[in-house]
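The structure file work_23.tsv is reproduced below (TSV, C-alpha atoms).
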chain	number	residue	atom	x	y	z
A	274	MET	CA	-88.32	56.57	33.87
A	275	LYS	CA	-85.97	55.61	31.02
A	276	THR	CA	-86.11	57.68	27.83
A	277	ILE	CA	-85.75	56.07	24.41
A	278	LEU	CA	-85.39	57.90	21.11
A	279	VAL	CA	-87.31	56.19	18.28
A	280	MET	CA	-86.21	57.21	14.79
A	281	HIS	CA	-88.36	56.56	11.70
A	282	LYS	CA	-88.38	57.66	8.09
A	283	GLY	CA	-91.44	56.56	6.14
A	284	GLY	CA	-93.49	57.26	3.05
A	285	SER	CA	-96.96	58.68	2.59
A	286	GLN	CA	-98.82	55.49	3.59
A	287	ILE	CA	-99.08	53.36	6.70
A	288	ARG	CA	-97.43	50.13	5.59
A	289	GLY	CA	-95.70	47.20	7.28
A	290	SER	CA	-92.85	49.15	8.89
A	291	GLU	CA	-95.29	51.76	10.22
A	292	VAL	CA	-97.48	49.01	11.73
A	293	CYS	CA	-94.40	47.61	13.49
A	294	LEU	CA	-93.46	51.10	14.67
A	295	ILE	CA	-96.89	51.70	16.20
A	296	HIS	CA	-96.77	48.36	18.03
A	297	THR	CA	-93.23	49.03	19.23
A	298	VAL	CA	-94.08	52.47	20.60
A	299	ASN	CA	-97.09	51.07	22.46
A	300	ALA	CA	-94.98	48.22	23.86
A	301	LEU	CA	-92.31	50.65	25.11
A	302	LEU	CA	-94.90	52.89	26.74
A	303	ALA	CA	-96.47	49.88	28.46
A	304	ALA	CA	-92.97	48.96	29.72
A	305	ARG	CA	-92.79	52.42	31.32
A	306	TYR	CA	-90.41	54.04	28.89
A	307	ARG	CA	-90.67	57.67	27.98
A	308	VAL	CA	-90.68	57.65	24.17
A	309	ILE	CA	-89.53	60.43	21.87
A	310	LEU	CA	-90.51	59.67	18.28
A	311	LEU	CA	-88.63	61.52	15.55
A	312	ARG	CA	-90.34	61.05	12.17
A	313	ASN	CA	-90.13	62.78	8.81
A	314	ASN	CA	-93.88	63.17	8.28
A	315	SER	CA	-97.11	63.08	10.29
A	316	ILE	CA	-98.75	60.05	8.65
A	317	ILE	CA	-98.71	58.00	11.88
A	318	ASP	CA	-99.47	60.83	14.31
A	319	GLN	CA	-103.22	60.26	14.30
A	320	THR	CA	-102.74	56.68	15.46
A	321	LEU	CA	-100.42	57.64	18.31
A	322	LYS	CA	-101.88	60.96	19.43
A	323	GLU	CA	-102.65	61.66	23.09
A	324	LEU	CA	-100.57	58.74	24.40
A	325	GLU	CA	-99.05	59.52	27.79
A	326	ASN	CA	-95.23	59.76	27.94
A	327	LEU	CA	-94.94	60.08	24.16
A	328	GLU	CA	-93.40	63.10	22.45
A	329	ILE	CA	-93.43	63.41	18.65
A	330	ALA	CA	-91.15	65.73	16.71
A	331	ASP	CA	-89.92	66.33	13.16
A	332	CYS	CA	-86.58	65.06	11.94
A	333	ASP	CA	-84.72	65.49	8.68
A	334	TYR	CA	-83.11	62.27	7.42
A	335	PRO	CA	-80.67	63.25	4.66
A	336	GLU	CA	-79.43	60.08	3.00
A	337	ILE	CA	-75.88	59.63	1.78
A	338	MET	CA	-76.03	56.96	-0.92
A	339	ILE	CA	-74.64	55.70	-4.22
A	340	ASP	CA	-77.23	53.60	-6.05
A	341	GLY	CA	-76.42	53.09	-9.70
A	342	ASP	CA	-76.59	56.45	-11.43
A	343	HIS	CA	-78.18	58.00	-8.35
A	344	LYS	CA	-75.67	59.72	-6.09
A	345	SER	CA	-76.70	61.63	-2.99
A	346	PHE	CA	-74.20	63.47	-0.81
A	347	PRO	CA	-76.10	66.09	1.24
A	348	ILE	CA	-73.14	66.52	3.58
A	349	LEU	CA	-74.12	69.92	4.98
A	350	ARG	CA	-77.69	68.76	5.69
A	351	TYR	CA	-76.32	65.63	7.33
A	352	ILE	CA	-73.95	67.56	9.59
A	353	HIS	CA	-76.68	70.01	10.53
A	354	SER	CA	-79.09	67.17	11.39
A	355	PHE	CA	-76.44	65.30	13.37
A	356	VAL	CA	-75.39	68.32	15.45
A	357	ALA	CA	-79.01	69.30	16.18
A	358	LEU	CA	-79.94	65.73	17.07
A	359	ARG	CA	-76.92	65.28	19.35
A	360	LYS	CA	-77.89	68.41	21.27
A	361	PHE	CA	-81.52	67.24	21.43
A	362	VAL	CA	-80.57	63.81	22.80
A	363	LYS	CA	-78.35	65.25	25.52
A	364	GLN	CA	-81.05	67.71	26.59
A	365	HIS	CA	-83.62	64.92	26.93
A	366	ASP	CA	-81.41	62.44	28.77
A	367	VAL	CA	-81.94	59.66	26.22
A	368	THR	CA	-80.62	56.25	27.32
A	369	ARG	CA	-81.28	54.20	24.16
A	370	ILE	CA	-81.84	54.78	20.46
A	371	PHE	CA	-84.20	52.62	18.40
A	372	CYS	CA	-83.99	52.91	14.60
A	373	ASN	CA	-87.10	51.70	12.82
A	374	GLY	CA	-85.56	50.65	9.51
A	375	GLY	CA	-82.05	50.84	8.13
A	376	LEU	CA	-81.89	54.44	6.94
A	377	PRO	CA	-82.29	56.09	10.40
A	378	CYS	CA	-79.12	54.20	11.43
A	379	GLN	CA	-77.14	56.57	9.23
A	380	LEU	CA	-77.78	59.25	11.85
A	381	GLY	CA	-78.60	57.05	14.83
A	382	VAL	CA	-75.48	54.88	14.92
A	383	PRO	CA	-72.87	57.70	14.87
A	384	LEU	CA	-75.03	59.58	17.35
A	385	GLY	CA	-75.12	56.63	19.76
A	386	LYS	CA	-71.38	56.04	19.44
A	387	SER	CA	-70.57	59.71	20.04
A	388	ILE	CA	-72.47	59.87	23.34
A	389	ARG	CA	-72.01	56.20	24.33
A	390	ILE	CA	-75.60	54.97	24.35
A	391	PRO	CA	-76.77	51.72	22.66
A	392	VAL	CA	-78.49	51.70	19.28
A	393	VAL	CA	-81.01	49.02	18.26
A	394	CYS	CA	-82.04	48.66	14.60
A	395	HIS	CA	-85.26	46.98	13.51
A	396	PHE	CA	-84.50	45.99	9.94
A	397	HIS	CA	-87.74	45.15	8.09
A	398	HIS	CA	-86.68	44.12	4.59
A	399	PRO	CA	-83.66	42.73	2.75
A	400	ALA	CA	-81.59	45.26	0.83
A	401	ALA	CA	-78.64	45.50	-1.50
A	402	LYS	CA	-75.25	45.06	0.17
A	403	ARG	CA	-74.20	48.67	-0.31
A	404	TYR	CA	-77.22	49.87	1.67
A	405	PHE	CA	-76.04	48.02	4.79
A	406	TYR	CA	-72.69	49.79	4.58
A	407	PHE	CA	-73.97	53.26	3.78
A	408	TRP	CA	-76.65	52.99	6.47
A	409	LEU	CA	-74.05	51.78	9.01
A	410	VAL	CA	-76.38	48.94	10.05
A	411	ARG	CA	-73.45	46.66	10.85
A	412	PHE	CA	-72.36	48.99	13.66
A	413	ALA	CA	-75.65	49.00	15.56
A	414	ASP	CA	-75.49	47.36	18.99
A	415	ARG	CA	-78.47	45.08	18.34
A	416	LEU	CA	-80.39	44.08	15.23
A	417	ILE	CA	-84.00	42.86	15.10
A	418	PHE	CA	-85.48	41.05	12.09
A	419	PRO	CA	-89.10	40.13	11.19
A	420	SER	CA	-88.18	36.68	9.86
A	421	ASN	CA	-85.42	34.11	9.66
A	422	PHE	CA	-85.22	34.89	5.96
A	423	THR	CA	-84.40	38.55	6.56
A	424	ALA	CA	-81.92	37.58	9.27
A	425	SER	CA	-80.11	35.23	6.89
A	426	ILE	CA	-79.86	37.89	4.15
A	427	VAL	CA	-78.41	40.45	6.57
A	428	ALA	CA	-75.92	37.89	7.91
A	429	GLN	CA	-74.85	37.08	4.35
A	430	LYS	CA	-74.50	40.66	3.14
A	431	CYS	CA	-73.56	42.47	6.32
A	432	GLY	CA	-71.92	39.83	8.52
A	433	ARG	CA	-74.19	40.59	11.47
A	434	GLU	CA	-76.63	38.40	13.34
A	435	GLY	CA	-79.52	39.48	15.52
A	436	GLN	CA	-82.83	38.52	17.07
A	437	VAL	CA	-85.87	37.40	15.06
A	438	VAL	CA	-89.10	38.92	16.37
A	439	TYR	CA	-92.04	38.00	14.18
A	440	ASN	CA	-94.32	40.85	13.19
A	441	ALA	CA	-97.73	40.86	14.80
A	442	VAL	CA	-101.20	42.34	14.57
A	443	ASP	CA	-104.02	42.73	17.07
A	444	LEU	CA	-105.73	39.36	16.79
A	445	ASP	CA	-107.82	39.76	19.94
A	446	THR	CA	-109.88	42.88	19.33
A	447	ARG	CA	-109.24	43.97	15.76
A	448	TYR	CA	-108.35	41.32	13.16
A	449	VAL	CA	-111.09	38.86	14.01
A	450	PRO	CA	-113.57	36.91	11.85
A	451	SER	CA	-116.82	38.63	10.96
A	452	HIS	CA	-120.01	36.84	12.00
A	453	SER	CA	-122.13	38.72	9.49
A	454	ARG	CA	-120.95	40.58	6.41
A	455	ASP	CA	-121.83	44.19	5.71
A	456	SER	CA	-123.06	44.22	2.10
A	457	ARG	CA	-122.19	47.90	1.59
A	458	PHE	CA	-118.53	47.21	0.90
A	459	ARG	CA	-119.26	44.80	-1.93
A	460	ALA	CA	-121.96	47.09	-3.27
A	461	GLU	CA	-119.55	50.02	-3.63
A	462	LEU	CA	-117.29	47.77	-5.70
A	463	GLY	CA	-120.09	46.40	-7.86
A	464	ILE	CA	-119.60	42.87	-6.51
A	465	PRO	CA	-122.73	40.80	-5.79
A	466	ASN	CA	-123.22	39.28	-2.36
A	467	ASP	CA	-123.07	35.76	-3.80
A	468	GLY	CA	-119.81	36.45	-5.67
A	469	LEU	CA	-116.53	34.83	-4.66
A	470	VAL	CA	-113.66	37.28	-4.23
A	471	ILE	CA	-109.93	36.75	-4.48
A	472	GLY	CA	-108.04	39.63	-2.89
A	473	GLN	CA	-104.51	40.98	-2.58
A	474	VAL	CA	-103.46	43.81	-0.28
A	475	GLY	CA	-100.21	45.46	-1.35
A	476	ALA	CA	-98.71	48.38	-3.21
A	477	LEU	CA	-98.96	48.33	-7.00
A	478	VAL	CA	-95.23	47.91	-7.47
A	479	PRO	CA	-93.23	45.27	-9.39
A	480	HIS	CA	-92.05	43.13	-6.47
A	481	LYS	CA	-95.65	42.69	-5.23
A	482	ARG	CA	-96.49	41.27	-8.69
A	483	PRO	CA	-100.16	42.26	-9.01
A	484	ASP	CA	-99.74	41.60	-12.75
A	485	PHE	CA	-98.80	37.97	-12.00
A	486	LEU	CA	-102.02	37.58	-10.02
A	487	ILE	CA	-104.09	39.22	-12.77
A	488	LYS	CA	-102.61	36.75	-15.25
A	489	ALA	CA	-103.71	33.82	-13.07
A	490	PHE	CA	-107.18	35.26	-12.60
A	491	ALA	CA	-107.62	35.87	-16.32
A	492	ALA	CA	-106.73	32.23	-17.02
A	493	ILE	CA	-109.43	30.78	-14.71
A	494	CYS	CA	-112.22	33.34	-14.46
A	495	ASN	CA	-114.23	32.09	-17.46
A	496	ARG	CA	-114.81	28.84	-15.58
A	497	PHE	CA	-116.37	30.72	-12.64
A	498	PRO	CA	-118.79	33.47	-13.72
A	499	ARG	CA	-119.31	34.69	-10.12
A	500	LEU	CA	-115.56	35.04	-9.45
A	501	TYR	CA	-113.99	38.47	-8.82
A	502	LEU	CA	-110.54	39.86	-8.07
A	503	MET	CA	-109.90	42.89	-5.87
A	504	ILE	CA	-106.47	44.46	-5.39
A	505	ILE	CA	-106.03	47.05	-2.63
A	506	GLY	CA	-103.12	49.47	-2.95
A	507	ARG	CA	-101.62	52.16	-5.12
A	508	GLY	CA	-98.30	52.59	-6.86
A	509	SER	CA	-96.36	53.00	-10.06
A	510	MET	CA	-98.05	50.08	-11.88
A	511	GLN	CA	-101.58	51.42	-11.62
A	512	GLU	CA	-102.00	52.59	-15.22
A	513	SER	CA	-100.30	49.55	-16.76
A	514	LEU	CA	-102.53	47.26	-14.68
A	515	ARG	CA	-105.65	49.09	-15.85
A	516	ALA	CA	-104.51	48.64	-19.45
A	517	GLU	CA	-103.89	44.93	-18.82
A	518	ILE	CA	-107.34	44.51	-17.28
A	519	SER	CA	-108.94	46.22	-20.27
A	520	ARG	CA	-106.95	44.07	-22.67
A	521	HIS	CA	-108.47	40.99	-21.05
A	522	GLN	CA	-111.91	42.69	-21.06
A	523	LEU	CA	-112.20	42.11	-17.33
A	524	ASP	CA	-113.07	45.62	-16.13
A	525	ASP	CA	-116.23	44.30	-14.48
A	526	ARG	CA	-114.47	41.41	-12.78
A	527	ILE	CA	-111.21	42.95	-11.52
A	528	LYS	CA	-111.42	45.82	-9.07
A	529	LEU	CA	-108.44	48.08	-8.34
A	530	ARG	CA	-109.62	49.56	-5.06
A	531	GLY	CA	-106.65	51.89	-4.57
A	532	TYR	CA	-105.20	52.78	-1.20
A	533	VAL	CA	-107.53	52.54	1.81
A	534	ASP	CA	-106.89	53.80	5.32
A	535	ASP	CA	-108.20	50.56	6.81
A	536	VAL	CA	-108.14	47.15	5.10
A	537	LEU	CA	-110.10	45.43	7.88
A	538	PRO	CA	-113.61	46.00	6.42
A	539	TYR	CA	-112.49	44.40	3.15
A	540	LEU	CA	-110.95	41.40	4.88
A	541	GLN	CA	-114.12	40.89	6.89
A	542	ASN	CA	-116.75	41.74	4.29
A	543	VAL	CA	-115.35	41.27	0.78
A	544	ILE	CA	-112.41	38.86	0.41
A	545	ASP	CA	-112.88	35.07	0.47
A	546	ILE	CA	-109.37	33.98	-0.60
A	547	ASN	CA	-106.32	36.05	0.25
A	548	VAL	CA	-103.32	36.11	-2.09
A	549	LEU	CA	-99.85	37.63	-1.88
A	550	ALA	CA	-97.95	36.96	-5.09
A	551	SER	CA	-94.88	38.97	-4.06
A	552	ALA	CA	-91.42	38.00	-5.18
A	553	GLU	CA	-90.01	39.26	-1.89
A	554	GLU	CA	-91.38	40.00	1.59
A	555	GLY	CA	-89.66	40.55	4.92
A	556	LEU	CA	-92.51	38.51	6.41
A	557	GLY	CA	-95.93	39.54	5.06
A	558	ILE	CA	-98.14	41.44	7.52
A	559	SER	CA	-101.11	41.45	5.12
A	560	VAL	CA	-101.15	37.64	5.28
A	561	ILE	CA	-101.23	37.74	9.10
A	562	GLU	CA	-104.09	40.24	9.00
A	563	ALA	CA	-106.02	37.96	6.64
A	564	ALA	CA	-105.32	34.95	8.86
A	565	GLY	CA	-106.73	36.85	11.83
A	566	CYS	CA	-109.98	37.18	9.90
A	567	SER	CA	-109.94	33.40	9.21
A	568	LEU	CA	-109.07	33.72	5.54
A	569	PRO	CA	-106.92	31.12	3.79
A	570	SER	CA	-103.97	32.51	1.86
A	571	VAL	CA	-102.12	31.55	-1.29
A	572	VAL	CA	-98.59	33.00	-1.36
A	573	SER	CA	-95.39	32.60	-3.33
A	574	ASP	CA	-93.09	30.02	-1.77
A	575	CYS	CA	-90.17	32.38	-1.17
A	576	THR	CA	-88.50	34.81	1.21
A	577	GLY	CA	-90.32	35.56	4.48
A	578	LEU	CA	-93.63	34.23	3.17
A	579	LYS	CA	-92.38	30.69	3.80
A	580	GLU	CA	-92.67	31.44	7.52
A	581	VAL	CA	-96.27	32.70	7.43
A	582	VAL	CA	-98.25	30.04	5.56
A	583	VAL	CA	-98.12	26.34	6.46
A	584	GLN	CA	-98.54	24.32	3.27
A	585	ASN	CA	-101.85	22.41	3.11
A	586	GLU	CA	-102.74	23.52	6.65
A	587	THR	CA	-103.32	27.30	6.64
A	588	GLY	CA	-103.17	27.84	2.88
A	589	TYR	CA	-100.90	27.12	-0.07
A	590	ARG	CA	-97.47	28.20	-1.27
A	591	PHE	CA	-96.85	28.12	-5.02
A	592	SER	CA	-93.47	28.04	-6.76
A	593	PRO	CA	-92.63	31.74	-7.28
A	594	ASN	CA	-92.66	31.76	-11.08
A	595	ASP	CA	-95.24	29.00	-11.65
A	596	ASN	CA	-98.45	30.76	-12.65
A	597	THR	CA	-100.13	27.44	-13.43
A	598	GLU	CA	-99.56	26.25	-9.87
A	599	LEU	CA	-101.04	29.47	-8.51
A	600	GLN	CA	-104.07	28.88	-10.71
A	601	SER	CA	-104.47	25.30	-9.48
A	602	PHE	CA	-104.43	26.33	-5.81
A	603	LEU	CA	-106.97	29.06	-6.47
A	604	VAL	CA	-109.26	26.65	-8.31
A	605	LYS	CA	-108.97	24.17	-5.45
A	606	LEU	CA	-110.17	26.77	-2.96
A	607	ILE	CA	-112.83	28.18	-5.28
A	608	GLN	CA	-114.42	24.76	-5.73
A	609	ASP	CA	-114.39	23.70	-2.08
A	610	PRO	CA	-116.11	26.02	0.43
A	611	ALA	CA	-115.48	23.58	3.30
A	612	LEU	CA	-111.75	23.62	2.52
A	613	ARG	CA	-111.71	27.43	2.65
A	614	ILE	CA	-113.35	27.35	6.06
A	615	ARG	CA	-111.01	24.69	7.43
A	616	LEU	CA	-107.83	26.37	6.21
A	617	GLY	CA	-109.09	29.77	7.35
A	618	LYS	CA	-109.71	28.54	10.90
A	619	ALA	CA	-106.29	26.89	10.98
A	620	ALA	CA	-104.71	30.11	9.68
A	621	ARG	CA	-106.17	32.05	12.59
A	622	GLU	CA	-104.95	29.47	15.14
A	623	HIS	CA	-101.48	29.57	13.61
A	624	ALA	CA	-101.46	33.37	13.75
A	625	LEU	CA	-102.59	33.40	17.40
A	626	LYS	CA	-99.72	31.09	18.28
A	627	ASN	CA	-96.96	32.84	16.33
A	628	PHE	CA	-97.96	36.41	15.45
A	629	CYS	CA	-99.96	37.69	18.42
A	630	LEU	CA	-99.36	41.21	19.71
A	631	PRO	CA	-98.57	40.34	23.37
A	632	ARG	CA	-95.75	38.06	22.23
A	633	TYR	CA	-94.35	40.71	19.88
A	634	SER	CA	-94.48	43.39	22.58
A	635	ALA	CA	-92.69	41.24	25.15
A	636	ASP	CA	-89.99	40.16	22.69
A	637	ILE	CA	-89.30	43.61	21.26
A	638	VAL	CA	-88.94	45.20	24.69
A	639	SER	CA	-86.71	42.33	25.85
A	640	VAL	CA	-84.26	42.84	22.97
A	641	ILE	CA	-84.15	46.60	23.56
A	642	GLU	CA	-83.49	46.16	27.27
A	643	GLN	CA	-80.71	43.67	26.56
A	644	SER	CA	-78.88	46.19	24.40
A	645	THR	CA	-75.52	47.15	25.84
A	646	LYS	CA	-72.83	49.72	25.14
A	647	HIS	CA	-69.99	48.63	22.90

Let me see the structure of the file written as structure tokens.
Amino acid sequence: MKTILVMHKGGSQIRGSEVCLIHTVNALLAARYRVILLRNNSIIDQTLKELENLEIADCDYPEIMIDGDHKSFPILRYIHSFVALRKFVKQHDVTRIFCNGGLPCQLGVPLGKSIRIPVVCHFHHPAAKRYFYFWLVRFADRLIFPSNFTASIVAQKCGREGQVVYNAVDLDTRYVPSHSRDSRFRAELGIPNDGLVIGQVGALVPHKRPDFLIKAFAAICNRFPRLYLMIIGRGSMQESLRAEISRHQLDDRIKLRGYVDDVLPYLQNVIDINVLASAEEGLGISVIEAAGCSLPSVVSDCTGLKEVVVQNETGYRFSPNDNTELQSFLVKLIQDPALRIRLGKAAREHALKNFCLPRYSADIVSVIEQSTKH
């Protein structure tokens, strides 16, 4: 049985890169790999616990970086982590290293080179040019990207090409349309059962642009007294968004739900129109999850989002900085229930064809197995 070391550094929430990590680990186990997962915190352990042939351990990921005024040179920590990890890898007879995200490459790439085993990097998001160099991404044996957009940015800034493997979600048993809504989820938010809900799932951070969506909602909501907006996520913009909502006197109509462990009940029981107003996405997993539940989406026509929504077929893409166009697409869907149903069904069919989990699993394992020593 081949042993692969999977390296991941994440935050305090399960987000897109963690979803990809979970799917990748399951795919490798199904392909009869023994997987050793080195992570910096236990946020994903509950999801992966008790899987056969999986070992989970702690790892320190000291980052060497110059980013504006921020300078980080934890050289002693880095050396200590590298030496300990090199010993660990030799003891466990690791044959491949998989870095989930760019930062783990800073340890993973020199480690692989020093003991002559291939390193594969799954790069989830675009980054500034200096990050590619400090993270040593360009020296990985294979690169995997979630979209053609991300691949093009890395090629431009780093001079490396790789394999595009679209992100996926479980569209067979998990993200499926609901045949009957559970009214409890709307009740806890103070939303009536006959209300129409626009929803966005994403951290409350500038590039997700929840404020841009609130602006659009505020401009149209007076025309539709049963219209509501719900935003799921937490982040640095939370207080400023609350102030903006109060300024518009829309506290009863806009719901900041905060972070939830599972968005599925809200996709199935609360949201009618899914939105992702982000200025930048590697691909947009939340849009795929919504599509699985037969929800139409309205997204900004930029970055990886171009590859998720088919214009006029599965939803709408608005010009990134055109709030009026976003409003017009929302109004179109609000006024036409049959259109919402038609686009939602088409969105699910498109997701099944392009973003299904079996396809992701087969492709990700194929790229890893094709990795060779340099």

Neighbour list for Gly508 in chain A as a PyMOL selection string, cut-off 7 Å, all atoms listed in the file, skip fewer than 4 positions in-chain:
chain A and resi 476-478

Near Arg632 in chain A, within 12 Å and counting all atoms listed in the file, which residues show up once chain neighbours fewer than 6 positions away are dropped, as a PDB file with C-alpha atoms, in the frame of the given file?
ATOM      1  CA  HIS A 296     -96.770  48.360  18.030  1.00  0.00           C
ATOM      2  CA  THR A 297     -93.230  49.030  19.230  1.00  0.00           C
ATOM      3  CA  ALA A 300     -94.980  48.220  23.860  1.00  0.00           C
ATOM      4  CA  VAL A 438     -89.100  38.920  16.370  1.00  0.00           C
ATOM      5  CA  TYR A 439     -92.040  38.000  14.180  1.00  0.00           C
ATOM      6  CA  ASN A 440     -94.320  40.850  13.190  1.00  0.00           C
ATOM      7  CA  ALA A 441     -97.730  40.860  14.800  1.00  0.00           C
ATOM      8  CA  VAL A 442    -101.200  42.340  14.570  1.00  0.00           C
ATOM      9  CA  ASP A 443    -104.020  42.730  17.070  1.00  0.00           C
ATOM     10  CA  LEU A 444    -105.730  39.360  16.790  1.00  0.00           C
ATOM     11  CA  ALA A 624    -101.460  33.370  13.750  1.00  0.00           C
ATOM     12  CA  LEU A 625    -102.590  33.400  17.400  1.00  0.00           C
ATOM     13  CA  LYS A 626     -99.720  31.090  18.280  1.00  0.00           C
ATOM     14  CA  VAL A 638     -88.940  45.200  24.690  1.00  0.00           C
ATOM     15  CA  SER A 639     -86.710  42.330  25.850  1.00  0.00           C
TER      16      SER A 639
END

Quick one: which range 430-523 of chain A residues come within 7 Å of range 530-538 of chain A, and what is the nearest atom pair for each with the distance in Å to one decimal, counting only C-alpha atoms, rows ordered by chain and ascending number, as CSV?
residue,atom,partner,partner_atom,distance
A:Tyr448,CA,A:Leu537,CA,6.9
A:Met503,CA,A:Arg530,CA,6.7
A:Ile504,CA,A:Arg530,CA,6.0
A:Ile505,CA,A:Arg530,CA,5.0
A:Gly506,CA,A:Tyr532,CA,4.3
A:Arg507,CA,A:Gly531,CA,5.1

Where does range 283-319 of chain A meet range 325-329 of chain A within 12 Å, residue by residue, with the nearest atom pair and distance in Å to one decimal for each, counting all atoms listed in the file, listed by chain and rising number, as JSON lines?
{"residue": "A:Ile295", "atom": "CA", "partner": "A:Leu327", "partner_atom": "CA", "distance": 11.7}
{"residue": "A:Val298", "atom": "CA", "partner": "A:Leu327", "partner_atom": "CA", "distance": 8.4}
{"residue": "A:Asn299", "atom": "CA", "partner": "A:Leu327", "partner_atom": "CA", "distance": 9.4}
{"residue": "A:Ala300", "atom": "CA", "partner": "A:Leu327", "partner_atom": "CA", "distance": 11.9}
{"residue": "A:Leu301", "atom": "CA", "partner": "A:Leu327", "partner_atom": "CA", "distance": 9.8}
{"residue": "A:Leu302", "atom": "CA", "partner": "A:Asn326", "partner_atom": "CA", "distance": 7.0}
{"residue": "A:Ala303", "atom": "CA", "partner": "A:Asn326", "partner_atom": "CA", "distance": 10.0}
{"residue": "A:Ala304", "atom": "CA", "partner": "A:Asn326", "partner_atom": "CA", "distance": 11.2}
{"residue": "A:Arg305", "atom": "CA", "partner": "A:Asn326", "partner_atom": "CA", "distance": 8.4}
{"residue": "A:Tyr306", "atom": "CA", "partner": "A:Asn326", "partner_atom": "CA", "distance": 7.5}
{"residue": "A:Arg307", "atom": "CA", "partner": "A:Asn326", "partner_atom": "CA", "distance": 5.0}
{"residue": "A:Val308", "atom": "CA", "partner": "A:Leu327", "partner_atom": "CA", "distance": 4.9}
{"residue": "A:Ile309", "atom": "CA", "partner": "A:Glu328", "partner_atom": "CA", "distance": 4.7}
{"residue": "A:Leu310", "atom": "CA", "partner": "A:Ile329", "partner_atom": "CA", "distance": 4.8}
{"residue": "A:Leu311", "atom": "CA", "partner": "A:Ile329", "partner_atom": "CA", "distance": 6.0}
{"residue": "A:Arg312", "atom": "CA", "partner": "A:Ile329", "partner_atom": "CA", "distance": 7.6}
{"residue": "A:Asn313", "atom": "CA", "partner": "A:Ile329", "partner_atom": "CA", "distance": 10.4}
{"residue": "A:Asn314", "atom": "CA", "partner": "A:Ile329", "partner_atom": "CA", "distance": 10.4}
{"residue": "A:Ser315", "atom": "CA", "partner": "A:Ile329", "partner_atom": "CA", "distance": 9.1}
{"residue": "A:Ile316", "atom": "CA", "partner": "A:Ile329", "partner_atom": "CA", "distance": 11.8}
{"residue": "A:Ile317", "atom": "CA", "partner": "A:Ile329", "partner_atom": "CA", "distance": 10.1}
{"residue": "A:Asp318", "atom": "CA", "partner": "A:Ile329", "partner_atom": "CA", "distance": 7.9}
{"residue": "A:Gln319", "atom": "CA", "partner": "A:Ile329", "partner_atom": "CA", "distance": 11.2}

Would you save the residues of that selection, restricted to C-alpha atoms, as a PDB file, in the coordinates of the input?
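So the final result, stored in again35.pdb, reads:
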ATOM      1  CA  ILE A 295     -96.890  51.700  16.200  1.00  0.00           C
ATOM      2  CA  VAL A 298     -94.080  52.470  20.600  1.00  0.00           C
ATOM      3  CA  ASN A 299     -97.090  51.070  22.460  1.00  0.00           C
ATOM      4  CA  ALA A 300     -94.980  48.220  23.860  1.00  0.00           C
ATOM      5  CA  LEU A 301     -92.310  50.650  25.110  1.00  0.00           C
ATOM      6  CA  LEU A 302     -94.900  52.890  26.740  1.00  0.00           C
ATOM      7  CA  ALA A 303     -96.470  49.880  28.460  1.00  0.00           C
ATOM      8  CA  ALA A 304     -92.970  48.960  29.720  1.00  0.00           C
ATOM      9  CA  ARG A 305     -92.790  52.420  31.320  1.00  0.00           C
ATOM     10  CA  TYR A 306     -90.410  54.040  28.890  1.00  0.00           C
ATOM     11  CA  ARG A 307     -90.670  57.670  27.980  1.00  0.00           C
ATOM     12  CA  VAL A 308     -90.680  57.650  24.170  1.00  0.00           C
ATOM     13  CA  ILE A 309     -89.530  60.430  21.870  1.00  0.00           C
ATOM     14  CA  LEU A 310     -90.510  59.670  18.280  1.00  0.00           C
ATOM     15  CA  LEU A 311     -88.630  61.520  15.550  1.00  0.00           C
ATOM     16  CA  ARG A 312     -90.340  61.050  12.170  1.00  0.00           C
ATOM     17  CA  ASN A 313     -90.130  62.780   8.810  1.00  0.00           C
ATOM     18  CA  ASN A 314     -93.880  63.170   8.280  1.00  0.00           C
ATOM     19  CA  SER A 315     -97.110  63.080  10.290  1.00  0.00           C
ATOM     20  CA  ILE A 316     -98.750  60.050   8.650  1.00  0.00           C
ATOM     21  CA  ILE A 317     -98.710  58.000  11.880  1.00  0.00           C
ATOM     22  CA  ASP A 318     -99.470  60.830  14.310  1.00  0.00           C
ATOM     23  CA  GLN A 319    -103.220  60.260  14.300  1.00  0.00           C
TER      24      GLN A 319
END

Point (-80.9, 54.2, 25.8), cut-off 6 Å, counting all atoms listed in the file, residues as a PyMOL selection string:
chain A and resi 277+367-370+390-391

Within 7 Å of range 559-575 of chain A using all atoms listed in the file, minus same-chain residues under 4 positions, as number ranges by chain
A: 442, 444, 448-450, 474, 540-541, 545-553, 579, 587-593, 613, 616-618, 620-621, 624

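Among the candidate residues A:Leu278, A:Leu603, A:Met510, A:Ile348, the one lying nearest to Cys494 in chain A is A:Leu603, with distances computed using all atoms listed in the file.
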
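For the pair CA of Gly341 in chain A and CA of Phe485 in chain A, the interatomic distance is 27.1 Å.
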